[in-house]
Every structure is written in structure tokens, then in C-alpha cells.
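Peer 1: Mind having a look at this structure? Questions to follow.
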Amino acid sequence: MSRKLYKMGRALLFCLLVFCMVLQLNRIFIRKSLEKPWDMSNKIGGFYNSADDYDLYFLGTSHSYCSFNPLAIYDNTGMKSYVFATQRQPLGATFYYMKDVIKKHKPKYIVVDVFGCLLKNEKDEGVVHSYVDDMAMSFNKLAMIYRVVPREMKAEAILPLIKYHDRWGELEPKDYHVRYRDYRDPYRGYVALEGHSDKFREDMKGGLRNLMAPRISDEVKKELLAMRTYCNERNIQLILVKTPTWEEASYEKPLKELEDFINDEGFTYMNFNPRKEAMGLTPKDYYDGYHLNTVGGEKFTAFFVEKMKEKGMERKGAKDHRWLDERAKQKREFENFTQ
């Protein structure tokens with residue numbers, strides 16, 4: 001009996017060692033996005049390492065992370081926020097992102113950009129790994145992988161080493177030395193885009209049209225209702241928004257269908273597309289047809305802050321000088337951008 005237990009112990013120890021080795025290899029080989037402005041490893045991983053208590057979270061796609069500037073919002077309202085979003089993130093994944101932020105700290109408000117509701121249910125590896133790789137491992141993440149990630153990508157979503165094992169020739173010192181606990185983002189998830197790219201002209205021809213779903217699926221509608229119920233049960237206000245894009249014709253029809261559903265169900269919703277003139281936005285305020293640059297971001301944030309104050313979304317009293325210092329530094333950095 002003792003010999004049998006000894007063998008079982010050795011087998012368990014061996015499995016544990018293999019598991020630890022795989023985790024280490026996974027950490028080394030996984031692709032790390034650390035170069036600004038697209039340092040998404042810092043932005044997603046940095047959320048889990050942040051010690052701040054947040055009043056407000058912004059979720060969704062790149063339309064969220066290029067629009068909402070938490071440091072500017074704090075400077076004007078005293079409310080701390082974080083943008084927890086990834087490119088072309090499907091709404092199903094956003095629901096699990098929402099669960100993660102609420103688990104870390106229960107906010108007063110959650111703002112979700114609805115662009116993810118309009119997208120096709122595509123099987124794009126880059127999109128999948130952008131919302132999976134940097135999310136902290138938990139039962140919530142495993143549930144997201146099981147329910148949202150396409151079947152043929154589930155294994156590499158759980159164990160990215162399957163996808164990245166051939167990166168031997170690309171490995172850099174940062175791949176060996178960076179730990180998950182090292183991720184930090186002083187911009188709190190905001191992606192600061194510089195200038196006006198050549199892609200703007202291409203986007204104005206309707207560059208997103210091929211990504212749009214022909215209609216709003218029943219699954220998306222159920223997801224939105226479930227998200228609202230989840231927030232209501234925790235006394236959190238869910239606010240749906242459409243951030244302003246310069247090109248909007250490519251998704252005008254599905255957005256109208258979504259808005260009909262949103263209004264019928266009584267969601268709190270704001271579409272900022274018709275208010276571009278009121279914000280003073282021009283084509284030069286956009287990096288491309290769909291994403292604001294820092295100049296446009298400042299204009300949009302100022303407008304959004306006024307809407308926040310109208311709804312009582314403001315915190316009075318002494319402010320955190322660390323946040324104010326980071327905002328002052330951010331302003332200086334923006335002054336050096338080419339616009």
C-alpha cells in the first residue's frame with residue numbers, strides 16, 4: 001500500500017512539475033503588446049494590478065478605448081474610471097469582462113459601447129486572442145472561452161502556447177523578464193492615437209461594411225438583457241452608448257434596428273453620432289474613420305463629462321493628487337503629438 005502511495009505521489013509531483021513548466025513556457029511565448037499606443041497587455045493586465053477603486057467602467061470595442069479618457073474624466077468629475085476593452089470584442093466577451101470588473105470592485109456605473117452588437121460572429125484569431133490572452137485566468141475566463149470562443153480556437157485560448165510555440169526566432173529579452181504583475185497603464189485603458197492617418201480616406205468608402213451582421217441576432221438581444229439584469233441585481237446602472245465615428249453609413253441600418261430594440265426595452269442609451277457638430281468634431285479629430293485621435297478624444301470627453309454632470313455622475317471633495325499628476329503628465333505628452 002505504501003509503495004502504491006509512493007508511486008502516486010511521484011506521478012502527482014511529475015504532473016505538477018510539467019504543469020509549472022508549461023505555465024512558464026506559456027508566459028514566455030505568449031505575445032506581449034507593450035509598445036504604445038497599442039500596449040494592450042499593459043491596459044488589460046494593468047487593470048488586474050491596479051489598486052484603485054473605480055466608480056465607472058467603460059467596456060466594449062476599440063470605439064471605447066479610443067474615446068473615453070479616464071484621466072480627463074477624473075480631472076473634471078472626481079470619478080475614477082477604467083477602459084476595459086479590446087478590438088472588435090464580441091458582446092458575449094464583454095459580458096464576461098463586465099463580470100471581472102464587478103468582481104474586482106463594484107462600480108456605480110458601467111458604460112458599454114454598442115458597436116460590438118453590430119458585428120458578425122466572425123472567427124478571427126487576432127480578435128479572439130486580443131480579448132483572451134491578457135485576461136487574468138479565472139473560472140470566469142474559462143466560462144468565457146467555453147461559451148464565446150469558436151470551437152476550433154478553444155484549446156489555444158486556454159493554452160496560448162499552442163499558438164505561439166513557434167515564436168523561438170522572435171523572442172526578445174522582454175519575453176523572458178516581463179511578469180503579469182509588471183503590467184501597468186497610467187492611462188487606465190485609454191488608447192491615445194496621434195494625428196490623422198491615410199486610412200481615413202479608405203474608411204470613408206465604408207470600410208466596416210463587410211464586418212456588419214445583416215441583422216441584430218436574438219443572442220445579442222438576450223445578452224443585453226442579461227447584462228442589465230446582472231447590473232440591476234447589484235445596484236449598478238448600465239448605460240449603453242454609441243461613440244462618435246466620422247463614417248457611420250456602413251453600420252447605420254443595423255444600428256437603427258438595435259436602437260429600436262434598446263428603446264423598446266427601456267435601456268439608458270446615448271448615441272453621440274448626431275452630436276458631432278455640438279462637440280466641434282471635424283475630420284482632423286479622427287485617426288481614421290472610426291477612431292478619435294487625442295484632439296478629438298479631448299473634445300468628446302469634455303462633452304461626455306457635461307452629460308455625466310447632468311445625470312449627477314460626479315464626486316465632490318478632495319481629489320487624488322496621483323491622478324491629477326498623471327493627467328498633467330498626459331497633457332504634456334499630448335502637446336508633443338503631431339496632429
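Going by the C-alpha cells order, chains are called A, B, ..., each with residues numbered from 1, while ligands are numbered from 1 in the order shown.
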Using DSSP on the backbone coordinates, identify all residues within segment 105-330 of chain A classified as helix (DSSP H, G or I); present the result as a PyMOL selection string.

Peer 2: chain A and resi 115-118+125-132+139-147+151-158+161-164+168-170+173-177+180-182+199-203+209-211+218-232+249-265+273-279+283-285+294-310+321-330

Peer 1: Near Leu238 of chain A, within 12 Å and counting only C-alpha atoms, which residues show up once chain neighbours fewer than 5 positions away are dropped, as a list of chain:residue names?

Peer 2: A:Leu56, A:Tyr57, A:Phe58, A:Leu59, A:Phe95, A:Met98, A:Pro107, A:Lys108, A:Tyr109, A:Ile110, A:Val111, A:Val112, A:Asp113, A:Val114, A:Leu224, A:Leu225, A:Ala226, A:Met227, A:Arg228, A:Thr229, A:Tyr230, A:Cys231, A:Asn232, A:Glu233, A:Gly266, A:Phe267, A:Thr268, A:Tyr269, A:Met270

Peer 1: Export, as an mmCIF file, in the first residue's frame, the selected residues with C-alpha atoms.

Peer 2:
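Once everything was written out, this is selection.cif:
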```cif
data_model
loop_
_atom_site.group_PDB
_atom_site.id
_atom_site.type_symbol
_atom_site.label_atom_id
_atom_site.label_comp_id
_atom_site.auth_asym_id
_atom_site.auth_seq_id
_atom_site.Cartn_x
_atom_site.Cartn_y
_atom_site.Cartn_z
ATOM 1 C CA LEU A 56 -17.148 53.821 -13.537
ATOM 2 C CA TYR A 57 -16.056 51.311 -16.175
ATOM 3 C CA PHE A 58 -16.079 51.631 -19.948
ATOM 4 C CA LEU A 59 -16.430 48.354 -21.845
ATOM 5 C CA PHE A 95 -20.405 40.305 -20.565
ATOM 6 C CA MET A 98 -18.140 43.080 -17.054
ATOM 7 C CA PRO A 107 -18.817 50.431 -9.540
ATOM 8 C CA LYS A 108 -21.750 52.819 -9.648
ATOM 9 C CA TYR A 109 -21.941 52.810 -13.434
ATOM 10 C CA ILE A 110 -20.941 50.641 -16.373
ATOM 11 C CA VAL A 111 -20.855 52.179 -19.857
ATOM 12 C CA VAL A 112 -20.880 49.809 -22.848
ATOM 13 C CA ASP A 113 -20.312 50.965 -26.415
ATOM 14 C CA VAL A 114 -22.795 49.044 -28.576
ATOM 15 C CA LEU A 224 -28.009 42.824 -23.407
ATOM 16 C CA LEU A 225 -30.994 41.884 -21.266
ATOM 17 C CA ALA A 226 -28.826 39.541 -19.180
ATOM 18 C CA MET A 227 -26.216 42.271 -18.689
ATOM 19 C CA ARG A 228 -28.858 44.704 -17.473
ATOM 20 C CA THR A 229 -30.285 42.127 -15.076
ATOM 21 C CA TYR A 230 -26.792 41.363 -13.761
ATOM 22 C CA CYS A 231 -26.188 45.078 -13.119
ATOM 23 C CA ASN A 232 -29.632 45.724 -11.625
ATOM 24 C CA GLU A 233 -29.184 42.893 -9.134
ATOM 25 C CA GLY A 266 -36.144 50.876 -21.874
ATOM 26 C CA PHE A 267 -32.336 50.838 -21.734
ATOM 27 C CA THR A 268 -30.461 54.014 -20.858
ATOM 28 C CA TYR A 269 -28.817 54.888 -24.171
ATOM 29 C CA MET A 270 -26.941 57.782 -25.786
#
```

Peer 1: Compare A:Val128, A:Ile44, A:Leu324, A:Ile158 by their minimum atom-to-atom distance to Ala143 of chain A, counting only C-alpha atoms, and give me the closest one.

Peer 2: A:Ile158

Peer 1: In terms of the shortest atom-to-atom distance over only C-alpha atoms, which of A:Arg315, A:Val148, A:Lys199, A:His105 is closest to Glu223 of chain A?

Peer 2: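 Answer, going by the shortest atom-to-atom distance: A:Val148.
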
Peer 1: Excluding Lys311 of chain A and residues on its chain fewer than 2 positions from it, collect all residues at most 12 Å away from it, counting only C-alpha atoms, and give them as a PDB file with C-alpha atoms, in the first residue's frame.

Peer 2:
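Dumped to result25.pdb:
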```pdb
ATOM      1  CA  THR A  77     -15.704  64.977 -12.217  1.00  0.00           C
ATOM      2  CA  TYR A 109     -21.941  52.810 -13.434  1.00  0.00           C
ATOM      3  CA  GLN A 237     -26.542  51.452 -13.611  1.00  0.00           C
ATOM      4  CA  ILE A 239     -25.523  52.819 -19.761  1.00  0.00           C
ATOM      5  CA  THR A 268     -30.461  54.014 -20.858  1.00  0.00           C
ATOM      6  CA  PHE A 304     -19.393  63.426 -22.219  1.00  0.00           C
ATOM      7  CA  VAL A 305     -18.380  64.953 -18.876  1.00  0.00           C
ATOM      8  CA  GLU A 306     -21.169  67.528 -19.217  1.00  0.00           C
ATOM      9  CA  LYS A 307     -23.660  64.714 -19.804  1.00  0.00           C
ATOM     10  CA  MET A 308     -22.273  62.936 -16.738  1.00  0.00           C
ATOM     11  CA  LYS A 309     -22.799  66.019 -14.590  1.00  0.00           C
ATOM     12  CA  MET A 313     -22.310  61.449 -12.134  1.00  0.00           C
ATOM     13  CA  GLU A 314     -19.839  63.496 -10.131  1.00  0.00           C
ATOM     14  CA  ARG A 315     -17.850  63.057  -6.923  1.00  0.00           C
TER      15      ARG A 315
END
```

Peer 1: Name the residues of segment 98-318 of chain A that fall into strand (DSSP E or B) according to DSSP on the backbone, using the chain letters and numbers of this document, as a list in words.

Peer 2: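 Matching residues, listed in order: Tyr109, Ile110, Val111, Val112, Asp113, Leu119, Met212, Gln237, Leu238, Ile239, Leu240, Val241, Lys242, Thr268, Tyr269, Met270, Asn271, Tyr286 and Leu292 of chain A.
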